[in-house]
Amino acid sequence: MSHTPLLSLQGVTRHFGGGRYPWGARRPLLHALQSVSLSMAQGETLGLVGESGCGKSTLARLVVGLDRPSCGRIEWRGEDLADLVRRDRRALARRLQYVFQDPLAALNPRRTVHQALETPLIHLRGLERDARRQHLETLMASVLLEPHHLQRYPHEFSGGQAQRIGIARALAAEPELLVLDEPVSALDVSMQAQVLNLLADLKQQLGLTYLFISHDLSVVERVCDRVAVLYFGQLVELAPVSALFKRPRHPYSDLLLRSAPLPGKPSRVSELQEGDLPDPYRPPAGCPFQDRCPERQARCLREMPPLAPIGDAEGHSVACHFPLG
Amino acid sequence: MGRERDDGSRPGAWRLLLNNHLAVSGLLLLLLIGLLALAAPWLPLPDPDATAPVDRLLPPLTPGYPLGTDALGRDLLSRLVWGTRVSLAMGISATLVAALVGSLVGLVAGFAGGRSDGLLMRGIDMLMAFPYILLALAIVAVLGPGLVNALYAIALVNIPFFARNVRGVTLGLARQPFIDAARLSGQSRSRILLLEVLPNVLPVIVITISTTLGWMILETAGLSFLGLGAQPPQADLGSMLGEGRKLLFTTPHVSVIPGLMIFILVMGINLLGDGVRDLLDPRLKSGALSRPLPRTRVERAQTPTLQEEPTSLLEVRDLHTGFSIGRQRYHAVHGVDLDLASGQTLGIVGESGCGKSVAVMSITGLVASPPGSITDGAVWLQGVELLGAPLARLQALRGGAVCHVFQDPLASLHPLYRVGDQLVEAIQAHQDVTRRQAWQQAQALLAEVHIANPAQRMRAYPHQLSGGMRQRVCIAMALANRPRLIIADEPTTALDVTVQAQILGLLQRLRQQHQVSILFVSHDFSVVSALCERVLVMYAGRVVESGAIEQVISAPAHPYSALLIGCIPTPGQGPLQTIPGSPPALDRLPEGCAFAPRCPRVQERCTEGEVGMTRLGDGRSVRCLFPLQAGESP
Amino acid sequence: MRKLLPILLVTLLLPAIVFARTPPDVLVVGQIAEPKSLDPHAVTALNDFRILVNLYDGLVRYREGTLEIAPALAERWEISPDGTRYRFFLRQGVRFHDGTPLNAVAVKFNFERMLDEAHPYHDTGPFPLAFFFSAVEEVRVIDPLTVEFQLEQPYAPFLSNLAYPTGLMVSPAAVRKHGKAYGRHPAGTGAFRFAEWQANAKVVLLRNPDYWDGAPPLEAVIFRPVSDPNTRMAELLSGGIDLMLEVPPDSLQPLREDSAYRVHEQAGPHLWYLILNTREGPFSDSRVRQAANYAINKRGLVENILQGSAEVAAGPIAPAFAWAHNPEVTPYPYDPEQARALLREAGYDGSPVTLYVTEGGSGMLDPVIMGTAIQADLQAVGMPVKIETYEWNTYLGRVNPGLAGKADMAEMAWMTNDPDTLPFLTLHSQALPSEGGFNSGYYSNPQLDALLDRARRSTDSGERAELYHQVQALVHQEAPWVFVAHWKQNAVTAARVQGFRLQPSFFLMLQRVSKP
Amino acid sequence: MTAYLIKRLLALIPVLFGVSLIVFLMMALIPGDPASAILGAYATPENVARLNRELGLDRSLPEQYLVWLGNLLEGDLGRSYSLNRPVLAEVGERFSATLVLAGSALLLCSLLGLLAGLVSAVRQYGWADRVITLLVLVGISTPSFWLGLLLILLFAVKLPLFPASGMYAIYGGGDLWDLLHHLFLPALTLSLVAAGVIARLTRTAMLEVLRQDFIRTARAKGLSERRVVYRHAFRAALVSVIPVIGIQAGFVLGGAVYIETVFQWPGIGSMLVQAIASRDLLLVQGGVLLVTVSYVLFNLLADLLQSLIDPRLR
């Protein structure tokens, strides 16, 4: 592992709307991400968990350059991503690729798999026809699909197959980092297993780095090295996977862990768990989790706790005034 | 259900079109008119422009003039044929011009968004706000009369339709993940627009063409009618109508004949257009746009008789439910039996498309029909056979003794009514109470499912609530009339994991408090095991295993159950198991065991003949010739 | 829902039972358009004149059924021997509808308002046809009932111009009172006075019981604008109007046979012709022009297409000007053989010619159909014709500046009140478009110029008649135009309308009409 | 809501500005001028020049436009050349008539269209559906300018049930019955096409809504089919039908040009045709502006109605 991280985010914030209407009224401002800082080392798999609307996908889109942060900085091997893109429009796409949540929606229904996979080979790699043909075959083989599948249209595939095609397309650019945005949540369990196993194999073969976004903790626990817990656009806990699952320090991480159903085990959460996500247009002053937190104290209502290292495990930090014991 | 066969119709597009009788008659009409128009130069017709003032205004059926003559003694039949030729050519070219320009504007506006979108659409607004005939009049006045100028005018006034329709679709497409994917594949914006967006917009353009073509022919006729189109002596249908209108009261045939021709032509185009629209519009595909009946159609060969007095609250015997799409028959449920005693919870587990939802929806006849229908079996609820019961009886039970909680609470609640009104409606449908009383009951129900501030929430619209709250409202609605049975179809699938846990907890408590039975459908073994005592595992429309939940999880007997459980990631487990292959197509179920093609333990016997349920004791049964023994892995 | 529809239908149909026909003594006239203004000096359209002549009087008028000048507000007049001074002696005791008296001062006001740009009420204009009186140098009040016009030079058509609606007398008091809005609050001396004007619905005139020429039998006249000819017809048939003007010729025949209606016809000073471009192209040769006159089947046009609603024309002066018309000049016969021979002789090479056709326009009859028929006739003698159609205003904008470089032939029609006007404005070499005239075909002939100039100066009607006979013969021979038709104006009245007669002047005089 | 209204009304300004500019340009490009139109056959260049001077048309076009714009801000639409009358007076008088015709046509087509679409969807594939589908097809396939004439021939001449033209009886009348009596044929003609479009859309929208999850919920609640269809489905279908009614307002206003001419309705449509023919720039300008404003307002009304029904849009 080198000293400069592969990817690092520094105080990345993204909000939508804001400003004023021509006639002076205030335009509502939506906070999607608030000052998120984290970094990834080459070869690791970082899990990003949180509930819907917590800013997971916004973060992912920022990382691959589909969106720009409102403020803050994203670096690739110590270099500003924005600069990189300014110099070479396609530079980012050759290093970072994205796998979408809904595999069928991520494939153009009117284009064959061949066309879909060939595009990055032409535009990102600049390969000639023969080289492309060869590459396509290896790609298909690497995601366990037959070459004759190339001539088919997306609707002729099952969800699991379609997701494998999505992975193949991401791999076609030969990236170093793959952002996997809930890659298995739209799939049936049996398909889910296939795709997860495939991802594990690919990582080993190609030395990839994964940013793995999921709401399913049991999946995260299986595939990730470290976990970042996101709540309401803020990073509330960051820890090696074993540390987090053994001993979550943020009350929200704890709630998440307790909520996950396991086969053969009855639920461990009270139905009375109150409270919802705060209104993103009017974020609360203090800790965003205050409404739902059983440990809430007066300080939590006033002051947003910073993300700070905690405890014994290396690389474990939490944003809580009163972390769990 | 269904995504896999979404586009199965594509190869047979022509056949589908030909199945539509109206469209076919439109097509034939158009073909006939088109052929006639094309063949005009070779038909034995007199010169359409040859005047014979002496023979003017002859009535139809005059020898030598089948349709009579006009004010200059010109043969109307010949003019009609030649005029149709001109009108068709005009209408088609104007449509194409409008389609080209309008689609381009719409594509660019929808894809670029922001300021350019605003600017372009303001321009389109201006065109639309302008009375279209005046615009056309003014354009022709500027350019001078003539067919080509009239064509431009008509095309211009129709650009907004294409621009608006195409923009709408493009706007939706531009947010699709596959556009992002194309950007990440390194394509430039113009290439994305051309290669990724355009092919998906084309059907909309074709639909718009099919709906505007007739309209354009009418409008061109309108301009010619005002004398701004075809120049004499050339005939088009509009100018024939215009020349004849002065004589409407004395010699009506001179204008009625071209008028009828315009009517028939446009009618043909519209008929065909409807057919094309039905074909291309994804919403209309596979007959989805047929009105679902109040209950699922039941087409049982014979009414089953009761073998013995039903002991359970709910008994389902040999249920067969399927979907007919075109000539295909999809067997979604293929002989399902289930029993549920009072106060019991039963889970049904299976992958998507296994028929679990269809099975439970069939109980109260909520499977959309058409295309669905129940072909065999019987359902007894509290001793009443539901499939044969009259609609009124069924409606009294629905929402009364048996209630549903569905997967997507946002879609399941009416978006336009307040939550309180929807609850009140459910109460008043079954109880003879005043609205005020019902309102109070409803409020109490919200309190019972632990919604804070129930009085305030009663006045909220569904979209103002969070997902968890919406599902609580749905559950409250199910509880409204003290049901005996709640059928919950994946009620937590759309929810976040913390909310899911709460909802499961809520159902658990309600079951205990109200002694209500729950039939719980899920794809997730973990979720089912959190709530249910017994479980059914379904595969390809059949129950393959049933038993107490702990026993099935700890020692599955069917290889499919075992593999399915093995797929679930659990802490400290080895590599995830996978199931090779994919489920069979429901319209081509294999003979014998449906799982045989994917089963690691398959034997020759598995593919021969029906495999029946085997009782294993302990209330367990399995549909397998070679069930797993305890501790054995597949 | 299900009960709503029948109720809706019944309520809508109910009023149909009490269908009102027009009451007695009220005449409803179907006009072709809404009037622009009821200020006679501000309008130019025949449609408006039809109302105005019932509302106003001029110093003189056309004698009933002729185009001869007769006294009106002026009982008599004297013309100086050199033809430059006209003195009118006004009728006594005539009052405008607003009660003010008609006198010499009022007459002077009327003409000065039109002609003098410094007049305080000149801004109540514009007065587009004021140039009819551009020869007037001064209007003098001799005494309250005597007024004298001083002309710059002798101008023979002056009297007939005075009989034109531009010469109708408006009330100076009303002009002063309403200013620019006078056109909607008219006051004249006519047989009817103004009552009401509803935009695009009706103009109502009521009987003037104090009319100097005897109060009219009708109590009221309602002018309804119905611009669509079919709708106009429908209104006539359904009893919504009593008098319909400009009936499409094809509709006349069934009406003639129907005893519930009476058809009226009257030829007038109208000419429908084709301007030929004599400056360039094939028609610069008079033989080709004659050939065109031979080639076109005018009788066919008049009898078949216009259904006898017109007469074949021989030259520029309509037979309605009985005193000036030369009966010896007869129309070119339909003779395609002769036409072909002349074309051959002239060496015409069969190159196509362009014909300007208008879609409508005042006096143009059925221009598109007629143009198409003419096209077919010319085609038959080997002259291919390309038609270009224009909306009337655009058409005038193209034709009036001259045809050079654009077209070889153009349809045109004129209605004039004096035999002088048409040839002087359209065939005189001083009337080329560049000179501000209407000679769009650039015909130029010094002999014709001399004849016209003399006729205009002469005050002796016998001499003028002789000169116009020569004009007629000369123009017929030279054929600068294709002479096609003189329109016979038509009108249809309901049978109970009595005493109605069309005038050669095309004006609609309703003073003697009754409807019991 | 207020912010939304203000926003919509502000968005109207550039549209009106653009429309007025287009009208001005177009009228400048049309050959012929008001003076020739007034003078007719007597339009010699000399007379035309004199008249133009008197009408103030000798100034440059941008200058004329600025003068017009300046006057507009003071509420003055100028004076019609051909009618010699303030544009505002003429346009105001005509506009109320158009509003009556177009408004009732819009009402009629909405009523007929919604009713037909509803029946057609509820009785899908039944005889009522077939008959309505056929009628709708006939409606949208008939040239309305021709249909108007046929209706006059049938119901005013052959079968004198309705007056052939006009807005009020020419003699007597003038009450509401009289107006309705005159209104029936033109309003029907004008609304037929739009009714067809709305009926089709209502049918599709109903069928689509009937497939929605919340309809299944309504049935699962045990509601009667009548309640499901009329209370649950129809209201939801209205949400997608209403904006189309707004767009139809444009067609109805545009179609009024033909229909007003045929039925001699004293409205703004027939006035505009005449004004274009006589090159009466200011009259065209004023009329078109008013039509544009009313179209936009109709649409605004539709949007407001939609948000009234659909709380998600508020």
# chains A, B, ... in the order shown; residues from 1 in each chain; ligands from 1
>>> closest_atom_pairs(of="chain C", to="chain D", cutoff="6 Å", atoms="only C-alpha atoms", output="tab-separated table")
residue	atom	partner	partner_atom	distance
C:Ala16	CA	D:Leu161	CA	5.0
C:Lys36	CA	D:Leu83	CA	4.8
C:Pro128	CA	D:Leu39	CA	6.0
C:Asn200	CA	D:Pro266	CA	4.8
C:Val226	CA	D:Gln264	CA	5.7
C:Asp228	CA	D:Val262	CA	5.8
C:Ala234	CA	D:Val157	CA	5.9
C:Glu235	CA	D:Ala164	CA	5.8
C:Ser238	CA	D:Val157	CA	5.4
C:Asn393	CA	D:Ala37	CA	5.8
C:Thr394	CA	D:Gly32	CA	5.1
C:Gly397	CA	D:Gly32	CA	5.0
C:Gly436	CA	D:Thr44	CA	5.3
C:Gly437	CA	D:Thr44	CA	5.9
>>> write_last_selection(atoms="all heavy atoms", output="PDB file, in the first residue's frame")
ATOM      1  N   ALA C  16     -86.110  26.219 -30.400  1.00  0.00           N
ATOM      2  CA  ALA C  16     -86.325  26.058 -31.832  1.00  0.00           C
ATOM      3  C   ALA C  16     -87.795  26.168 -32.185  1.00  0.00           C
ATOM      4  O   ALA C  16     -88.155  26.535 -33.298  1.00  0.00           O
ATOM      5  CB  ALA C  16     -85.787  24.702 -32.271  1.00  0.00           C
ATOM      6  N   LYS C  36     -67.053  49.091 -43.038  1.00  0.00           N
ATOM      7  CA  LYS C  36     -65.857  49.579 -42.350  1.00  0.00           C
ATOM      8  C   LYS C  36     -66.217  50.794 -41.507  1.00  0.00           C
ATOM      9  O   LYS C  36     -65.722  50.966 -40.399  1.00  0.00           O
ATOM     10  CB  LYS C  36     -64.801  49.990 -43.365  1.00  0.00           C
ATOM     11  CG  LYS C  36     -64.493  48.930 -44.384  1.00  0.00           C
ATOM     12  CD  LYS C  36     -63.267  48.151 -43.982  1.00  0.00           C
ATOM     13  CE  LYS C  36     -62.887  47.153 -45.043  1.00  0.00           C
ATOM     14  NZ  LYS C  36     -62.896  45.789 -44.503  1.00  0.00           N
ATOM     15  N   PRO C 128     -59.869  58.268 -48.568  1.00  0.00           N
ATOM     16  CA  PRO C 128     -59.117  57.648 -49.670  1.00  0.00           C
ATOM     17  C   PRO C 128     -59.587  58.087 -51.059  1.00  0.00           C
ATOM     18  O   PRO C 128     -58.781  58.127 -51.976  1.00  0.00           O
ATOM     19  CB  PRO C 128     -59.328  56.146 -49.441  1.00  0.00           C
ATOM     20  CG  PRO C 128     -60.449  56.024 -48.480  1.00  0.00           C
ATOM     21  CD  PRO C 128     -60.477  57.272 -47.679  1.00  0.00           C
ATOM     22  N   ASN C 200     -70.128  43.143 -36.311  1.00  0.00           N
ATOM     23  CA  ASN C 200     -70.272  41.880 -37.040  1.00  0.00           C
ATOM     24  C   ASN C 200     -71.628  41.211 -36.829  1.00  0.00           C
ATOM     25  O   ASN C 200     -71.761  40.013 -37.038  1.00  0.00           O
ATOM     26  CB  ASN C 200     -69.168  40.902 -36.651  1.00  0.00           C
ATOM     27  CG  ASN C 200     -68.814  40.024 -37.827  1.00  0.00           C
ATOM     28  OD1 ASN C 200     -68.975  40.434 -38.975  1.00  0.00           O
ATOM     29  ND2 ASN C 200     -68.373  38.820 -37.568  1.00  0.00           N
ATOM     30  N   VAL C 226     -72.935  38.739 -43.608  1.00  0.00           N
ATOM     31  CA  VAL C 226     -72.796  37.280 -43.618  1.00  0.00           C
ATOM     32  C   VAL C 226     -71.775  36.978 -44.698  1.00  0.00           C
ATOM     33  O   VAL C 226     -72.094  36.938 -45.877  1.00  0.00           O
ATOM     34  CB  VAL C 226     -74.129  36.570 -43.919  1.00  0.00           C
ATOM     35  CG1 VAL C 226     -73.959  35.068 -43.772  1.00  0.00           C
ATOM     36  CG2 VAL C 226     -75.224  37.062 -42.995  1.00  0.00           C
ATOM     37  N   ASP C 228     -69.858  34.381 -45.492  1.00  0.00           N
ATOM     38  CA  ASP C 228     -69.802  33.111 -46.218  1.00  0.00           C
ATOM     39  C   ASP C 228     -71.014  32.992 -47.133  1.00  0.00           C
ATOM     40  O   ASP C 228     -72.155  33.082 -46.666  1.00  0.00           O
ATOM     41  CB  ASP C 228     -69.789  31.959 -45.214  1.00  0.00           C
ATOM     42  CG  ASP C 228     -69.551  30.636 -45.901  1.00  0.00           C
ATOM     43  OD1 ASP C 228     -70.496  30.106 -46.529  1.00  0.00           O
ATOM     44  OD2 ASP C 228     -68.418  30.150 -45.835  1.00  0.00           O
ATOM     45  N   ALA C 234     -78.089  30.124 -46.794  1.00  0.00           N
ATOM     46  CA  ALA C 234     -78.858  29.406 -45.779  1.00  0.00           C
ATOM     47  C   ALA C 234     -79.775  30.356 -45.035  1.00  0.00           C
ATOM     48  O   ALA C 234     -80.927  30.027 -44.743  1.00  0.00           O
ATOM     49  CB  ALA C 234     -77.900  28.731 -44.791  1.00  0.00           C
ATOM     50  N   GLU C 235     -79.277  31.543 -44.751  1.00  0.00           N
ATOM     51  CA  GLU C 235     -80.103  32.532 -44.061  1.00  0.00           C
ATOM     52  C   GLU C 235     -81.297  32.930 -44.913  1.00  0.00           C
ATOM     53  O   GLU C 235     -82.403  33.086 -44.415  1.00  0.00           O
ATOM     54  CB  GLU C 235     -79.267  33.762 -43.697  1.00  0.00           C
ATOM     55  CG  GLU C 235     -78.366  33.573 -42.481  1.00  0.00           C
ATOM     56  CD  GLU C 235     -79.156  33.484 -41.180  1.00  0.00           C
ATOM     57  OE1 GLU C 235     -80.395  33.579 -41.211  1.00  0.00           O
ATOM     58  OE2 GLU C 235     -78.531  33.299 -40.125  1.00  0.00           O
ATOM     59  N   SER C 238     -83.704  30.039 -44.876  1.00  0.00           N
ATOM     60  CA  SER C 238     -84.363  29.789 -43.592  1.00  0.00           C
ATOM     61  C   SER C 238     -85.102  31.029 -43.102  1.00  0.00           C
ATOM     62  O   SER C 238     -85.583  31.057 -41.972  1.00  0.00           O
ATOM     63  CB  SER C 238     -83.338  29.335 -42.556  1.00  0.00           C
ATOM     64  OG  SER C 238     -82.372  30.325 -42.371  1.00  0.00           O
ATOM     65  N   ASN C 393     -55.540  41.461 -51.818  1.00  0.00           N
ATOM     66  CA  ASN C 393     -54.670  42.596 -51.533  1.00  0.00           C
ATOM     67  C   ASN C 393     -53.261  42.382 -52.047  1.00  0.00           C
ATOM     68  O   ASN C 393     -52.633  43.292 -52.572  1.00  0.00           O
ATOM     69  CB  ASN C 393     -54.636  42.865 -50.030  1.00  0.00           C
ATOM     70  CG  ASN C 393     -55.757  43.787 -49.641  1.00  0.00           C
ATOM     71  OD1 ASN C 393     -55.899  44.839 -50.246  1.00  0.00           O
ATOM     72  ND2 ASN C 393     -56.554  43.375 -48.692  1.00  0.00           N
ATOM     73  N   THR C 394     -52.776  41.158 -51.868  1.00  0.00           N
ATOM     74  CA  THR C 394     -51.471  40.829 -52.409  1.00  0.00           C
ATOM     75  C   THR C 394     -51.504  40.980 -53.924  1.00  0.00           C
ATOM     76  O   THR C 394     -50.566  41.484 -54.539  1.00  0.00           O
ATOM     77  CB  THR C 394     -51.121  39.374 -52.042  1.00  0.00           C
ATOM     78  OG1 THR C 394     -51.439  39.174 -50.666  1.00  0.00           O
ATOM     79  CG2 THR C 394     -49.668  39.093 -52.274  1.00  0.00           C
ATOM     80  N   GLY C 397     -51.245  44.383 -54.976  1.00  0.00           N
ATOM     81  CA  GLY C 397     -49.873  44.809 -54.753  1.00  0.00           C
ATOM     82  C   GLY C 397     -48.937  44.333 -55.847  1.00  0.00           C
ATOM     83  O   GLY C 397     -47.882  44.926 -56.078  1.00  0.00           O
ATOM     84  N   GLY C 436     -48.150  56.753 -61.835  1.00  0.00           N
ATOM     85  CA  GLY C 436     -49.196  56.762 -60.827  1.00  0.00           C
ATOM     86  C   GLY C 436     -50.543  56.338 -61.356  1.00  0.00           C
ATOM     87  O   GLY C 436     -51.570  56.623 -60.757  1.00  0.00           O
ATOM     88  N   GLY C 437     -50.563  55.649 -62.497  1.00  0.00           N
ATOM     89  CA  GLY C 437     -51.834  55.202 -63.044  1.00  0.00           C
ATOM     90  C   GLY C 437     -51.980  53.701 -62.929  1.00  0.00           C
ATOM     91  O   GLY C 437     -51.188  53.034 -62.255  1.00  0.00           O
TER      92      GLY C 437
END
>>> select_by_dssp(residues="segment 285-322 of chain A", states="strand (DSSP E)", output="MDAnalysis selection string")
chainID A and resid 308:309 317:318
>>> residues_around(residues="Ile167 of chain A", least_positions_apart="5", cutoff="9 Å", atoms="only C-alpha atoms", output="number ranges by chain")
A: 98-100, 143, 162, 172, 180, 199
>>> closest_residue(among="B:Trp380, B:Trp439, B:Phe626, B:Trp215", to="chain D", atoms="only C-alpha atoms")
B:Trp215
>>> residues_around(residues="Arg219 of chain D", least_positions_apart="6", cutoff="8 Å", atoms="only C-alpha atoms", output="PyMOL selection string")
(chain B and resi 294+366+395+398) or (chain D and resi 225+228)
>>> interface_residues(of="chain D", to="chain B", cutoff="6 Å", atoms="only C-alpha atoms", output="short mmCIF file (atom, residue, chain, number, x, y, z; two decimals) with all heavy atoms, in the first residue's frame")
data_model
loop_
_atom_site.label_atom_id
_atom_site.label_comp_id
_atom_site.auth_asym_id
_atom_site.auth_seq_id
_atom_site.Cartn_x
_atom_site.Cartn_y
_atom_site.Cartn_z
N VAL D 15 -43.55 35.38 -23.70
CA VAL D 15 -44.36 34.78 -24.76
C VAL D 15 -45.13 35.87 -25.52
O VAL D 15 -45.12 35.91 -26.74
CB VAL D 15 -45.33 33.72 -24.18
CG1 VAL D 15 -46.32 33.27 -25.23
CG2 VAL D 15 -44.56 32.54 -23.63
N LEU D 29 -43.74 41.41 -43.59
CA LEU D 29 -43.30 40.60 -44.72
C LEU D 29 -44.43 40.38 -45.72
O LEU D 29 -44.18 40.11 -46.89
CB LEU D 29 -42.79 39.25 -44.22
CG LEU D 29 -41.46 39.31 -43.48
CD1 LEU D 29 -41.13 37.96 -42.87
CD2 LEU D 29 -40.36 39.73 -44.44
N ILE D 30 -45.66 40.46 -45.26
CA ILE D 30 -46.77 40.21 -46.17
C ILE D 30 -46.82 41.31 -47.21
O ILE D 30 -46.84 42.49 -46.86
CB ILE D 30 -48.11 40.16 -45.41
CG1 ILE D 30 -48.12 39.00 -44.44
CG2 ILE D 30 -49.27 40.06 -46.36
CD1 ILE D 30 -49.41 38.86 -43.68
N SER D 141 -62.09 12.68 -37.71
CA SER D 141 -61.72 12.53 -39.12
C SER D 141 -62.51 13.45 -40.04
O SER D 141 -62.33 13.42 -41.24
CB SER D 141 -61.94 11.07 -39.58
OG SER D 141 -61.30 10.19 -38.72
N THR D 142 -63.41 14.23 -39.48
CA THR D 142 -64.23 15.08 -40.34
C THR D 142 -63.65 16.48 -40.40
O THR D 142 -63.32 17.04 -39.37
CB THR D 142 -65.66 15.18 -39.77
OG1 THR D 142 -66.07 13.89 -39.40
CG2 THR D 142 -66.61 15.76 -40.77
N PRO D 143 -63.51 17.02 -41.61
CA PRO D 143 -63.05 18.40 -41.68
C PRO D 143 -64.10 19.33 -41.07
O PRO D 143 -65.25 19.36 -41.55
CB PRO D 143 -62.89 18.67 -43.18
CG PRO D 143 -63.24 17.43 -43.89
CD PRO D 143 -63.76 16.43 -42.93
N LEU D 207 -58.38 3.29 -18.37
CA LEU D 207 -57.91 1.91 -18.43
C LEU D 207 -56.57 1.78 -17.72
O LEU D 207 -56.29 0.79 -17.05
CB LEU D 207 -57.80 1.44 -19.88
CG LEU D 207 -59.15 1.30 -20.58
CD1 LEU D 207 -58.97 0.94 -22.03
CD2 LEU D 207 -59.99 0.24 -19.88
N ASP D 213 -52.14 0.03 -8.61
CA ASP D 213 -52.19 -0.68 -7.34
C ASP D 213 -53.31 -0.15 -6.44
O ASP D 213 -53.94 -0.91 -5.71
CB ASP D 213 -50.85 -0.54 -6.61
CG ASP D 213 -49.81 -1.47 -7.19
OD1 ASP D 213 -50.16 -2.18 -8.16
OD2 ASP D 213 -48.68 -1.50 -6.69
N PHE D 214 -53.52 1.19 -6.47
CA PHE D 214 -54.49 1.71 -5.50
C PHE D 214 -55.91 1.31 -5.86
O PHE D 214 -56.79 1.30 -5.01
CB PHE D 214 -54.35 3.23 -5.31
CG PHE D 214 -54.52 4.04 -6.56
CD1 PHE D 214 -55.77 4.35 -7.04
CD2 PHE D 214 -53.40 4.53 -7.22
CE1 PHE D 214 -55.91 5.12 -8.17
CE2 PHE D 214 -53.54 5.30 -8.35
CZ PHE D 214 -54.80 5.60 -8.84
N THR D 217 -56.18 -1.91 -4.22
CA THR D 217 -56.43 -1.66 -2.80
C THR D 217 -57.90 -1.37 -2.56
O THR D 217 -58.51 -1.89 -1.62
CB THR D 217 -55.59 -0.46 -2.32
OG1 THR D 217 -54.24 -0.69 -2.67
CG2 THR D 217 -55.71 -0.30 -0.82
N ALA D 220 -59.71 -4.43 -2.69
CA ALA D 220 -59.40 -5.27 -1.54
C ALA D 220 -60.13 -4.75 -0.30
O ALA D 220 -60.35 -5.49 0.64
CB ALA D 220 -57.89 -5.28 -1.30
N LYS D 221 -60.48 -3.46 -0.30
CA LYS D 221 -61.22 -2.91 0.82
C LYS D 221 -62.68 -3.35 0.80
O LYS D 221 -63.42 -3.09 1.73
CB LYS D 221 -61.19 -1.37 0.78
CG LYS D 221 -59.86 -0.79 1.20
CD LYS D 221 -59.98 0.65 1.67
CE LYS D 221 -60.16 1.62 0.54
NZ LYS D 221 -59.92 3.02 0.97
N GLY D 222 -63.10 -3.94 -0.33
CA GLY D 222 -64.48 -4.39 -0.43
C GLY D 222 -65.42 -3.32 -0.96
O GLY D 222 -66.62 -3.41 -0.76
N GLY D 254 -58.19 28.25 -32.14
CA GLY D 254 -57.75 28.28 -33.53
C GLY D 254 -58.87 27.92 -34.48
O GLY D 254 -59.09 28.58 -35.49
N THR D 292 -53.76 34.99 -27.53
CA THR D 292 -52.63 34.35 -26.86
C THR D 292 -52.81 34.38 -25.35
O THR D 292 -52.64 33.38 -24.66
CB THR D 292 -51.33 35.09 -27.22
OG1 THR D 292 -51.28 35.20 -28.63
CG2 THR D 292 -50.13 34.34 -26.72
N TYR D 295 -55.38 31.94 -24.35
CA TYR D 295 -54.89 30.56 -24.42
C TYR D 295 -54.03 30.24 -23.20
O TYR D 295 -54.20 29.20 -22.56
CB TYR D 295 -54.07 30.37 -25.70
CG TYR D 295 -53.32 29.07 -25.73
CD1 TYR D 295 -53.98 27.87 -25.97
CD2 TYR D 295 -51.95 29.04 -25.52
CE1 TYR D 295 -53.29 26.68 -25.99
CE2 TYR D 295 -51.26 27.86 -25.52
CZ TYR D 295 -51.93 26.67 -25.77
OH TYR D 295 -51.24 25.50 -25.78
N ASP D 310 -55.02 17.18 -7.65
CA ASP D 310 -53.87 16.37 -7.28
C ASP D 310 -53.02 17.09 -6.22
O ASP D 310 -52.32 18.04 -6.54
CB ASP D 310 -53.02 16.08 -8.52
CG ASP D 310 -51.97 15.03 -8.23
OD1 ASP D 310 -51.70 14.78 -7.03
OD2 ASP D 310 -51.42 14.47 -9.19
#
